[in-house]
There are 4 protein chains.
Amino acid sequence: MSATSFLRRLLGGGAGGVDRRISDLASLCEALLAEPGEYASTALARQALAAYRALDERLRTEFFGVLAQDYSPAPEAVAHAVAAYQADPSAEQLMALQAAVETPRQKLFRRFNMAPDGTATLVAMRGALLKDLKAHPEWRPIEWDLMHLLRSWFNRGFLRLQRIDWRTSAIVLEKLIQYEAVHAIHGWRDLRRRLEADRRCFAFFHPQLPDEPIIFIEVALVRGMSAQVQPLLDVASPVAPPAEADCAVFYSITNCQEGLRGISFGNQLIKQVAEDLKREFPHLRRFATLSPVPGFRRWLQKSRVRVSMGSGGDERLALLARLADPAWHLGEIPEALEKLLTRLCAWYLLHARQDGEPLDPVARFHLGNGAALERINWMGDSSEQGMSRSAGMMVNYVYWLADVERNHERYFREHHIAASPQVEKLAREGAAAAQADKGAAG
Amino acid sequence: MSATSFLRRLLGGGAGGVDRRISDLASLCEALLAEPGEYASTALARQALAAYRALDERLRTEFFGVLAQDYSPAPEAVAHAVAAYQADPSAEQLMALQAAVETPRQKLFRRFNMAPDGTATLVAMRGALLKDLKAHPEWRPIEWDLMHLLRSWFNRGFLRLQRIDWRTSAIVLEKLIQYEAVHAIHGWRDLRRRLEADRRCFAFFHPQLPDEPIIFIEVALVRGMSAQVQPLLDVASPVAPPAEADCAVFYSITNCQEGLRGISFGNQLIKQVAEDLKREFPHLRRFATLSPVPGFRRWLQKSRVRVSMGSGGDERLALLARLADPAWHLGEIPEALEKLLTRLCAWYLLHARQDGEPLDPVARFHLGNGAALERINWMGDSSEQGMSRSAGMMVNYVYWLADVERNHERYFREHHIAASPQVEKLAREGAAAAQADKGAAG
Amino acid sequence: MSATSFLRRLLGGGAGGVDRRISDLASLCEALLAEPGEYASTALARQALAAYRALDERLRTEFFGVLAQDYSPAPEAVAHAVAAYQADPSAEQLMALQAAVETPRQKLFRRFNMAPDGTATLVAMRGALLKDLKAHPEWRPIEWDLMHLLRSWFNRGFLRLQRIDWRTSAIVLEKLIQYEAVHAIHGWRDLRRRLEADRRCFAFFHPQLPDEPIIFIEVALVRGMSAQVQPLLDVASPVAPPAEADCAVFYSITNCQEGLRGISFGNQLIKQVAEDLKREFPHLRRFATLSPVPGFRRWLQKSRVRVSMGSGGDERLALLARLADPAWHLGEIPEALEKLLTRLCAWYLLHARQDGEPLDPVARFHLGNGAALERINWMGDSSEQGMSRSAGMMVNYVYWLADVERNHERYFREHHIAASPQVEKLAREGAAAAQADKGAAG
Amino acid sequence: MSATSFLRRLLGGGAGGVDRRISDLASLCEALLAEPGEYASTALARQALAAYRALDERLRTEFFGVLAQDYSPAPEAVAHAVAAYQADPSAEQLMALQAAVETPRQKLFRRFNMAPDGTATLVAMRGALLKDLKAHPEWRPIEWDLMHLLRSWFNRGFLRLQRIDWRTSAIVLEKLIQYEAVHAIHGWRDLRRRLEADRRCFAFFHPQLPDEPIIFIEVALVRGMSAQVQPLLDVASPVAPPAEADCAVFYSITNCQEGLRGISFGNQLIKQVAEDLKREFPHLRRFATLSPVPGFRRWLQKSRVRVSMGSGGDERLALLARLADPAWHLGEIPEALEKLLTRLCAWYLLHARQDGEPLDPVARFHLGNGAALERINWMGDSSEQGMSRSAGMMVNYVYWLADVERNHERYFREHHIAASPQVEKLAREGAAAAQADKGAAG
């Protein structure tokens, strides 16, 4: 371990400018790694984490520099293990090589985790690293080590599915208000409506973060598959008897922990919740999302030239030009524009792809999960955000419990997208307008 | 991933003798590794684990063979990453190398863990591997992978300290009876006495194994430091008011999970419990163990020649010869024998070492934790096991909360053993009898 | 309140022989009644209860004497209220009369209840009173006051139904072993078998007595309605998959708290459990008891003369005479005896009555609940107790969920007993043997 | 039981105008009383309560009429028991009389309580009765019966003290906002501040009403005894470290259940909380309230004539006349007015009495509990309510744990009020101004 090199540098004079708080923290880390007793480790870990949390942004940047530089395996040791493996590629040498390439950072992080709040601090640390990773590519190995540990610790086996309702503690409910990323929650009254008898909310929790949802999903129990989101979000809407619902609409799903980015929980959450709801309400016949098409406007913008080609191109361009006015949807809208946008949206969802997968991130998520693209809803979300990203479009992806596995497989094997005949027809009509073949997407 | 190679062999004819249950399980494992969706993974994991648990010992051996052979990283891929790293030993290449040497087995085990009871099954699997590792050295890499994961998952941060008492569920209490390794618990009545008001029992639990203690410790709250264990274990002894106790005697500590061997919990448990007890009973002045000396008789046996040397050697040999009679301690015992054994025991504990550390495993544990060797108790344990291993000797190691860190450090830095003057004097007297200098131990 | 009179007597010399502990306790009770502040009351209540619990049996008897004598309403006050009510039988005067006749004892007991363990102590106090009530008829008013309070506090609304299984705390499980009144539980191994997957156990609990079951019931999930109890109690019997059961057999129900005698819980427990089991196992088709006939042998003894009358009377008497030998059932049993006993048992259950209700207490309980007498089982319980009370007979009472209310009503309105045709036929055959008409029972 | 008489009247034609819902409910009540089986009772109770809850106010009034009229004991039966008791005033006859005067209503209410939510409904029923009792004096017996039962069921022994904080469920927190009666809680942000680390909130709960606080108290942990309430209520105030506090200020206590009016909980809550806080924060030296003087302005108004008498009377009157302006306290206030009001307030608190007890209800509560009147704070509460009721005055009552019992006793025995020398001096100065002797209060 080369952590000592840092201290040596500190004492050697070159470290003239190093802040005392950083050198203290580095000493704690070194002591922590050297400590043979676990009990003493816990005390050291507590101190080290407290010192880390007290750093401001500038000092944290400095500390990440130390972590990047001094907690990598010693190159000579790696080189030695590499050579030994080449000479004798046996199981024994492979284990020795595995041990040699593991970074002291991982051991350090495992020891951090022994302190109370250790896990929460490491999740937050990865969040901070990810935020500035572009500016600091040298932090990648730190982030990589954390990802490795967190993926292991946040294994599905350790997560608990919990229903969130008005009986849940305020400390958790407050987090929902804070984290909700799809349709903002406007205070406690709004939240309360989303937890009434005709709504459901579920979250995954980790035993080490009892007050922190990892991911949560909001569901409306309704009659008929919802086409528009505003009625679902209406605080003043009457509460309907859930026993009369025939459709569960997943209208919001939010990942809460930036520091767990890249570890996917949504697939499991959505299916577990669908199964649990089916058990509680056997008469539910449909499990559908009401989802935005967040990449649609950007794609439209980029695709204008193509749209303008062919017969009627000028007309189409003129229609689309109306969207430049932020209030375009408030007055009367030409039926031709509605038709054009709906068709282009269908085409976009089915055929605009990158590496075989849909360009639209929400489509990628649900179709990859095995859902089917069921319906495109004109003016499904007339909020500012809904208009500016999705041109007001909302999509129902349906999870047919019986088809989900097959859809999921065909999606990954053949890049096949399950879509309703109605959406496929729209997409065909859109193809003419987009003047585009599948290859020309993106 | 070379798992497919196994299936290929199966189909290729060479696998004529492979049991159907093994090939089915191998297919499940392969599907599990290939599955991109976590939800589907959970279902596959459940099936694979059920199939694994249904194997008898012969088939399990066969399956471990598959795991050892087919779930290692592909040698070419490793060789390639090794070469790339040699050409460019950058952080990027190091990460690539780390990724290349990680075994598919680890990914497989992480996915196993998604199933209910996954963690418990993996702990049991490592237990099974360890049991036969000597006969199957080729299983070492499997065991190594499991150890890697389990050490991470059973990090101190994830463990919960819980008091065990008569309010605890029978499912847990039953495990204490089953696991107790130091002083066997003879049924529920015996257990009940160990959970009365003047006794304490604590255990570490893991959220994923709610009914399984990981390690537990038994404590007696007494006046004066106990010298003999039989009174503590007496089911009929009266319950003393704990508020009058001045000493907490740790008389038994048991690791429960064979599959977690090598991951140490005792150090933390003992100190955490001492701190908690001090808070509950501020008038406790001493935290001491009452421990066996399990290696003493074996060492005595081996050291007979040395003991016989020098003046009085024949006499000493004659005295020790009495121990050959299993009932030697039941009649009258010559004072000379008591003296001789006590001194030799002191010498053994302080000076019989291997690689600088005490030969005796219990001494190694407590002294390494920072305890001090306080007293040697003649006829401290007159049970059959106590006589046959420890010649009836029992030792008090004392945890002086103020000294524990310093003792622990000096032990690891200088191999220094903290001992009371009384024990040191006995050891000096024993030195003559043992005719031995420190170098001649073992 | 006339409690002071007692103290006055104490001081007045007549109380020369009064034990100091009784006079102290009486002073505490008086202070408690006089105390206007609830907080101070709680402290006084704690002291008074501790003093009460420390009394030995002789002193307790003395204290009950004080309670009976000094904590009744002042006769003059009652007389005054009585007169006022007679003069003006208005609602106001009725309330005044109600207030006047309420005993200070009730207030005292309500204040006792404010102390920790108050409820438990009062339950135990009523238990002690009931035990010796015959010898001390002057205690009746005390017992009556306690009954009044306990009936109110142990209202069904305050009870919680809890499943008891191997996850339950040992402190509760131990009570089952101690309390079981129908088929004794022989230690923890026996208990464990009764809590396996094909058995169920439920109890009512009161929030104030968290570790004390009020009443519990044991159920076996079996295929076919059990005719014999020994196989159900067999510790070594294999555990059957509960999903394959078609019948729930209630084979034991025990009231645990002597001090709650006369407050009935069994009716509710049995039906609540039947409903819950039906929900968990929809394929259960029958809910039946396997019950003793505890009054049968005693009745047989008393009815010998009648049995001997008529034709074949001597023969019958000779057969029944065999029962004098405690081992009569161990050798070969004449078929004629089996027939005779079975018929007489049917006759006894249907026709031996007192005040219109069955003489047999178990029959009274289940038939009053609305169950139907389904089957009489020869040698259903060959244990010593089963033979000596029930002549080995066991009866299945069936709770047909659809009929229970109607049966229950007809039982109370018309003293009608619901019985299967098979049992009714046996009873007709028994009528000849018993030479008895319905009126001659008892 | 004369309930049938009601039905008879219904059928007899005189009940032509009775609403069907009332006659249905009355039938259910009658069936419930007649039902011998507890299990059937529970079902009937459920139906009856549902029917009751569905009544609108007019029908509820009608139903209360039925309860008042038809569920009283039959006068003949009472008369008979009365006569029997007069003839033989024995314990037996007393019990018979007690049984005769108990109303069938009490039995009915006990059976109501068997249904889920029974207790909550009965508490609400008494609340509704109390609200209109003045207009309906004939409801008094109903209210009396309910009071009798509720006092027994809400015995201190059944209540649980729970800390309320930000981890508490929203369903409970919402109730605090709704119920707070002293210093209104303005939304969730306000509530959150009152639950921070330097505040404490505790409530009593009953097992049968898990989501309903019975009474709650709010405490601020501060340095120095607070003189003004606005800083304590300031949402934006910084959170102080509780370990540095030396005084616990009880600044709000609210009874939540109108239906439990007359059953006092505050005495116990306040002392239990003081004890618990002392244990958690041993360095707390003072437990004081910051309380309004809600009767002060009303008393001032009534006492104007007396204040005007004597020398300087006109001047005093002129000063007090300023209070007519609602904004009198916003500008500069003459020192003479401050002095006058403070002295009059002291006099009011110590000497304005009714039946020996202080006229001011808050004073009566705390002084009766054993607190001492420590300090009068000018402009302690400048809110609209504080000004209009208390003329801005706030009082610190101190609970000296060592003196509380003695103060409490002297208060009830001698009507002695414990007050600080400073307050007594003010009161003496006020005496001149009030021109009043103690007898002239009220």
# chains A, B, ... in the order shown; residues from 1 in each chain; ligands from 1
>>> interface_residues(of="chain B", to="chain C", cutoff="7 Å", atoms="only C-alpha atoms", output="list in words")
Trp166, Arg167, Thr168, Ser169, Ala170 and Ile171 of chain B
>>> write_last_selection(atoms="N, CA and C atoms", output="PDB file, in the first residue's frame")
ATOM      1  N   TRP B 166     -35.288 -14.434  27.657  1.00  0.00           N
ATOM      2  CA  TRP B 166     -36.396 -15.392  27.637  1.00  0.00           C
ATOM      3  C   TRP B 166     -37.573 -14.870  26.819  1.00  0.00           C
ATOM      4  N   ARG B 167     -37.483 -13.620  26.389  1.00  0.00           N
ATOM      5  CA  ARG B 167     -38.489 -13.048  25.521  1.00  0.00           C
ATOM      6  C   ARG B 167     -38.172 -13.286  24.036  1.00  0.00           C
ATOM      7  N   THR B 168     -36.985 -13.788  23.784  1.00  0.00           N
ATOM      8  CA  THR B 168     -36.572 -14.060  22.401  1.00  0.00           C
ATOM      9  C   THR B 168     -37.373 -15.234  21.844  1.00  0.00           C
ATOM     10  N   SER B 169     -37.498 -15.266  20.522  1.00  0.00           N
ATOM     11  CA  SER B 169     -38.304 -16.322  19.906  1.00  0.00           C
ATOM     12  C   SER B 169     -37.635 -17.689  20.061  1.00  0.00           C
ATOM     13  N   ALA B 170     -38.462 -18.707  20.186  1.00  0.00           N
ATOM     14  CA  ALA B 170     -37.943 -20.061  20.379  1.00  0.00           C
ATOM     15  C   ALA B 170     -37.064 -20.493  19.214  1.00  0.00           C
ATOM     16  N   ILE B 171     -37.346 -19.977  18.025  1.00  0.00           N
ATOM     17  CA  ILE B 171     -36.570 -20.393  16.853  1.00  0.00           C
ATOM     18  C   ILE B 171     -35.115 -19.973  16.995  1.00  0.00           C
TER      19      ILE B 171
END
>>> select_by_dssp(residues="range 260-376 of chain C", states="strand (DSSP E or B)", output="PyMOL selection string")
chain C and resi 286-289+291-292+353-354+357-358+372-376
>>> write_last_selection(atoms="N, CA and C atoms", output="CSV table (one decimal), in the first residue's frame")
chain,number,residue,atom,x,y,z
C,286,ARG,N,-64.0,-28.9,6.4
C,286,ARG,CA,-64.7,-29.1,7.7
C,286,ARG,C,-63.9,-28.6,8.8
C,287,PHE,N,-64.6,-28.0,9.8
C,287,PHE,CA,-64.0,-27.5,11.0
C,287,PHE,C,-64.7,-28.3,12.1
C,288,ALA,N,-63.9,-29.2,12.7
C,288,ALA,CA,-64.5,-30.1,13.7
C,288,ALA,C,-63.6,-30.1,14.9
C,289,THR,N,-64.2,-30.4,16.1
C,289,THR,CA,-63.5,-30.6,17.3
C,289,THR,C,-63.2,-32.1,17.4
C,291,SER,N,-63.2,-33.9,20.9
C,291,SER,CA,-63.5,-33.5,22.2
C,291,SER,C,-63.7,-34.7,23.2
C,292,PRO,N,-63.4,-34.5,24.4
C,292,PRO,CA,-63.7,-35.5,25.4
C,292,PRO,C,-65.2,-35.5,25.8
C,353,ARG,N,-79.8,-34.1,30.6
C,353,ARG,CA,-79.8,-32.7,30.6
C,353,ARG,C,-80.1,-32.2,32.0
C,354,GLN,N,-79.8,-30.9,32.2
C,354,GLN,CA,-80.2,-30.2,33.4
C,354,GLN,C,-80.7,-28.8,33.0
C,357,GLU,N,-80.4,-28.0,29.4
C,357,GLU,CA,-79.1,-28.0,28.7
C,357,GLU,C,-78.3,-29.3,29.0
C,358,PRO,N,-77.5,-29.7,28.1
C,358,PRO,CA,-76.8,-31.0,28.3
C,358,PRO,C,-76.0,-31.0,29.6
C,372,ALA,N,-72.5,-28.9,15.6
C,372,ALA,CA,-73.4,-30.0,15.5
C,372,ALA,C,-72.7,-31.3,16.0
C,373,LEU,N,-73.4,-32.2,16.7
C,373,LEU,CA,-72.8,-33.4,17.2
C,373,LEU,C,-72.7,-34.4,16.0
C,374,GLU,N,-71.5,-34.6,15.6
C,374,GLU,CA,-71.3,-35.3,14.3
C,374,GLU,C,-71.0,-36.8,14.4
C,375,ARG,N,-70.1,-37.1,15.4
C,375,ARG,CA,-69.7,-38.5,15.4
C,375,ARG,C,-69.2,-38.9,16.8
C,376,ILE,N,-69.4,-40.1,17.2
C,376,ILE,CA,-68.9,-40.6,18.5
C,376,ILE,C,-67.8,-41.6,18.2
>>> residues_around(residues="range 297-314 of chain D", least_positions_apart="2", cutoff="7 Å", atoms="only C-alpha atoms", output="PyMOL selection string")
chain D and resi 295+316-318+388-391+433-436
>>> write_last_selection(atoms="C-alpha atoms", output="PDB file, in the first residue's frame")
ATOM      1  CA  GLY D 295     -59.160  34.687  32.474  1.00  0.00           C
ATOM      2  CA  ARG D 316     -55.615  53.717  36.985  1.00  0.00           C
ATOM      3  CA  LEU D 317     -58.900  53.671  35.179  1.00  0.00           C
ATOM      4  CA  ALA D 318     -57.494  55.955  32.526  1.00  0.00           C
ATOM      5  CA  SER D 388     -57.256  39.564  23.991  1.00  0.00           C
ATOM      6  CA  ARG D 389     -57.383  36.998  26.774  1.00  0.00           C
ATOM      7  CA  SER D 390     -54.258  37.500  28.858  1.00  0.00           C
ATOM      8  CA  ALA D 391     -53.374  41.136  28.078  1.00  0.00           C
ATOM      9  CA  ALA D 433     -54.614  48.866  43.202  1.00  0.00           C
ATOM     10  CA  ALA D 434     -57.357  46.274  43.252  1.00  0.00           C
ATOM     11  CA  GLN D 435     -58.747  47.740  46.451  1.00  0.00           C
ATOM     12  CA  ALA D 436     -59.942  44.320  47.120  1.00  0.00           C
TER      13      ALA D 436
END
>>> closest_residue(among="C:Val423, C:Met114, C:Leu28, C:Cys201", to="Ser252 in chain C", atoms="only C-alpha atoms")
C:Cys201
>>> closest_residue(among="A:Pro242, A:Pro361, A:Phe63, A:His136", to="Glu280 in chain A", atoms="only C-alpha atoms")
A:Pro242
>>> residues_around(residues="Arg199 in chain A", least_positions_apart="5", cutoff="7 Å", atoms="only C-alpha atoms", output="list in words")
Arg194, Val219, Ala220 and Leu221 of chain A
>>> residues_around(residues="range 400-411 of chain B", least_positions_apart="4", cutoff="8 Å", atoms="only C-alpha atoms", output="list in words")
Ala40 of chain A; Arg286, Phe287, Leu367, Gly368, Asn369, Gly370, Ala371, Ala372, His415, His416, Ile417 and Ala418 of chain B
>>> write_last_selection(atoms="C-alpha atoms", output="mmCIF file, in the first residue's frame")
data_model
loop_
_atom_site.group_PDB
_atom_site.id
_atom_site.type_symbol
_atom_site.label_atom_id
_atom_site.label_comp_id
_atom_site.auth_asym_id
_atom_site.auth_seq_id
_atom_site.Cartn_x
_atom_site.Cartn_y
_atom_site.Cartn_z
ATOM 1 C CA ALA A 40 -10.597 -0.253 16.946
ATOM 2 C CA ARG B 286 -14.207 -5.667 36.026
ATOM 3 C CA PHE B 287 -14.862 -7.363 32.684
ATOM 4 C CA LEU B 367 -4.543 -11.262 24.196
ATOM 5 C CA GLY B 368 -4.763 -10.121 20.595
ATOM 6 C CA ASN B 369 -7.949 -8.278 21.547
ATOM 7 C CA GLY B 370 -6.029 -6.381 24.181
ATOM 8 C CA ALA B 371 -7.032 -8.325 27.292
ATOM 9 C CA ALA B 372 -4.574 -9.070 30.091
ATOM 10 C CA HIS B 415 4.356 -9.605 20.708
ATOM 11 C CA HIS B 416 4.085 -8.363 24.244
ATOM 12 C CA ILE B 417 1.653 -10.194 26.503
ATOM 13 C CA ALA B 418 0.035 -8.190 29.296
#
>>> residues_around(residues="range 337-340 of chain D", least_positions_apart="6", cutoff="9 Å", atoms="only C-alpha atoms", output="compact mmCIF listing (two decimals) with N, CA and C atoms, in the first residue's frame")
# COMPACT_ATOMS: atom_id res chain seq x y z
N ARG D 316 -55.66 55.13 37.35
CA ARG D 316 -55.61 53.72 36.98
C ARG D 316 -56.66 53.40 35.92
N LEU D 319 -55.56 54.58 32.62
CA LEU D 319 -54.53 53.70 32.03
C LEU D 319 -55.19 52.45 31.43
N LEU D 320 -56.07 51.85 32.20
CA LEU D 320 -56.69 50.61 31.72
C LEU D 320 -57.59 50.86 30.50
N TRP D 378 -44.33 40.14 31.41
CA TRP D 378 -44.94 41.22 30.63
C TRP D 378 -44.68 40.99 29.15
N GLU D 429 -48.45 44.61 46.05
CA GLU D 429 -48.56 45.91 45.41
C GLU D 429 -49.87 46.02 44.64
N GLY D 430 -50.26 44.89 44.06
CA GLY D 430 -51.53 44.88 43.32
C GLY D 430 -52.73 45.03 44.23
N ALA D 433 -53.97 48.45 44.44
CA ALA D 433 -54.61 48.87 43.20
C ALA D 433 -55.99 48.23 43.05
>>> residues_around(residues="Arg111 in chain A", least_positions_apart="2", cutoff="9 Å", atoms="only C-alpha atoms", output="list of chain:residue names")
A:Leu32, A:Leu33, A:Glu38, A:Ser41, A:Thr42, A:Leu44, A:Ala45, A:Gln106, A:Lys107, A:Leu108, A:Phe109, A:Asn113, A:Met114, A:Ala115, A:Gly118, B:Asn155, B:Arg156, B:Gly157
>>> write_last_selection(atoms="all heavy atoms", output="short mmCIF file (atom, residue, chain, number, x, y, z; two decimals), in the first residue's frame")
data_model
loop_
_atom_site.label_atom_id
_atom_site.label_comp_id
_atom_site.auth_asym_id
_atom_site.auth_seq_id
_atom_site.Cartn_x
_atom_site.Cartn_y
_atom_site.Cartn_z
N LEU A 32 -6.52 3.40 9.76
CA LEU A 32 -7.66 2.50 9.61
C LEU A 32 -7.27 1.26 8.81
O LEU A 32 -7.63 0.13 9.15
CB LEU A 32 -8.79 3.26 8.90
CG LEU A 32 -10.14 2.59 8.72
CD1 LEU A 32 -10.68 2.10 10.05
CD2 LEU A 32 -11.12 3.56 8.09
N LEU A 33 -6.52 1.47 7.74
CA LEU A 33 -6.09 0.34 6.91
C LEU A 33 -5.12 -0.55 7.66
O LEU A 33 -5.10 -1.77 7.47
CB LEU A 33 -5.41 0.86 5.64
CG LEU A 33 -6.34 1.12 4.47
CD1 LEU A 33 -5.55 1.67 3.30
CD2 LEU A 33 -7.05 -0.17 4.06
N GLU A 38 -10.91 -5.24 14.65
CA GLU A 38 -12.10 -4.65 14.03
C GLU A 38 -12.75 -3.61 14.93
O GLU A 38 -13.36 -2.67 14.46
CB GLU A 38 -13.17 -5.72 13.73
CG GLU A 38 -12.71 -6.81 12.83
CD GLU A 38 -12.05 -7.91 13.65
OE1 GLU A 38 -11.99 -7.75 14.88
OE2 GLU A 38 -11.57 -8.88 13.07
N SER A 41 -11.04 -0.50 14.57
CA SER A 41 -11.37 -0.01 13.23
C SER A 41 -12.65 0.80 13.27
O SER A 41 -12.74 1.86 12.65
CB SER A 41 -11.59 -1.18 12.27
OG SER A 41 -10.41 -1.90 12.10
N THR A 42 -13.64 0.30 13.96
CA THR A 42 -14.92 0.98 13.96
C THR A 42 -14.77 2.40 14.51
O THR A 42 -15.32 3.35 13.96
CB THR A 42 -15.94 0.19 14.80
OG1 THR A 42 -15.97 -1.14 14.30
CG2 THR A 42 -17.32 0.78 14.70
N LEU A 44 -12.00 4.21 14.52
CA LEU A 44 -11.24 5.00 13.53
C LEU A 44 -12.15 5.38 12.36
O LEU A 44 -12.10 6.50 11.84
CB LEU A 44 -10.04 4.20 13.03
CG LEU A 44 -8.84 4.13 13.98
CD1 LEU A 44 -7.83 3.11 13.48
CD2 LEU A 44 -8.19 5.52 14.08
N ALA A 45 -12.96 4.41 11.93
CA ALA A 45 -13.84 4.68 10.79
C ALA A 45 -14.79 5.82 11.11
O ALA A 45 -15.06 6.69 10.28
CB ALA A 45 -14.63 3.41 10.43
N GLN A 106 -10.65 -0.25 -1.81
CA GLN A 106 -11.80 -1.08 -1.50
C GLN A 106 -11.77 -1.50 -0.04
O GLN A 106 -12.79 -1.51 0.63
CB GLN A 106 -11.84 -2.32 -2.40
CG GLN A 106 -12.26 -1.98 -3.81
CD GLN A 106 -13.02 -3.14 -4.47
OE1 GLN A 106 -13.59 -3.98 -3.80
NE2 GLN A 106 -13.03 -3.15 -5.79
N LYS A 107 -10.62 -1.87 0.44
CA LYS A 107 -10.51 -2.24 1.85
C LYS A 107 -10.86 -1.03 2.73
O LYS A 107 -11.58 -1.15 3.72
CB LYS A 107 -9.09 -2.73 2.15
CG LYS A 107 -8.95 -3.33 3.53
CD LYS A 107 -7.51 -3.78 3.81
CE LYS A 107 -7.34 -4.16 5.29
NZ LYS A 107 -5.92 -4.33 5.66
N LEU A 108 -10.34 0.13 2.31
CA LEU A 108 -10.63 1.35 3.06
C LEU A 108 -12.13 1.61 3.11
O LEU A 108 -12.69 1.89 4.17
CB LEU A 108 -9.90 2.54 2.42
CG LEU A 108 -10.09 3.88 3.12
CD1 LEU A 108 -9.35 3.90 4.46
CD2 LEU A 108 -9.61 5.04 2.23
N PHE A 109 -12.79 1.46 1.97
CA PHE A 109 -14.23 1.73 1.92
C PHE A 109 -15.00 0.70 2.75
O PHE A 109 -15.97 1.02 3.42
CB PHE A 109 -14.73 1.73 0.48
CG PHE A 109 -14.21 2.88 -0.34
CD1 PHE A 109 -14.09 2.79 -1.74
CD2 PHE A 109 -13.81 4.07 0.26
CE1 PHE A 109 -13.62 3.85 -2.50
CE2 PHE A 109 -13.34 5.14 -0.50
CZ PHE A 109 -13.24 5.02 -1.88
N ASN A 113 -17.37 1.52 6.05
CA ASN A 113 -18.75 1.03 6.18
C ASN A 113 -19.06 0.49 7.58
O ASN A 113 -20.21 0.30 7.93
CB ASN A 113 -18.99 -0.07 5.14
CG ASN A 113 -20.46 -0.40 5.00
OD1 ASN A 113 -21.25 0.50 4.77
ND2 ASN A 113 -20.82 -1.66 5.17
N MET A 114 -18.01 0.27 8.37
CA MET A 114 -18.24 -0.24 9.73
C MET A 114 -18.80 0.83 10.65
O MET A 114 -19.38 0.52 11.69
CB MET A 114 -16.94 -0.78 10.31
CG MET A 114 -16.41 -1.96 9.53
SD MET A 114 -14.70 -2.32 9.95
CE MET A 114 -14.93 -3.24 11.45
N ALA A 115 -18.60 2.08 10.29
CA ALA A 115 -19.10 3.17 11.14
C ALA A 115 -20.60 3.33 10.93
O ALA A 115 -21.12 2.99 9.87
CB ALA A 115 -18.37 4.46 10.79
N GLY A 118 -22.06 4.66 7.70
CA GLY A 118 -21.01 4.42 6.71
C GLY A 118 -21.58 4.23 5.31
O GLY A 118 -21.13 4.87 4.35
N ASN B 155 -20.02 -7.37 6.63
CA ASN B 155 -19.35 -6.20 7.19
C ASN B 155 -20.02 -5.80 8.50
O ASN B 155 -21.24 -5.86 8.61
CB ASN B 155 -19.50 -5.09 6.13
CG ASN B 155 -18.73 -3.84 6.50
OD1 ASN B 155 -19.09 -3.13 7.43
ND2 ASN B 155 -17.68 -3.56 5.76
N ARG B 156 -19.21 -5.41 9.47
CA ARG B 156 -19.73 -4.99 10.77
C ARG B 156 -20.90 -4.01 10.65
O ARG B 156 -21.84 -4.04 11.43
CB ARG B 156 -18.60 -4.36 11.59
CG ARG B 156 -19.04 -3.67 12.87
CD ARG B 156 -19.55 -4.67 13.88
NE ARG B 156 -20.09 -4.05 15.09
CZ ARG B 156 -21.38 -3.77 15.28
NH1 ARG B 156 -22.26 -4.06 14.34
NH2 ARG B 156 -21.79 -3.23 16.40
N GLY B 157 -20.84 -3.14 9.64
CA GLY B 157 -21.89 -2.13 9.47
C GLY B 157 -23.26 -2.74 9.26
O GLY B 157 -24.28 -2.11 9.56
#
>>> atom_distance(atom1="CA of Asp132 in chain B", atom2="CA of Asp145 in chain B")
16.3 Å
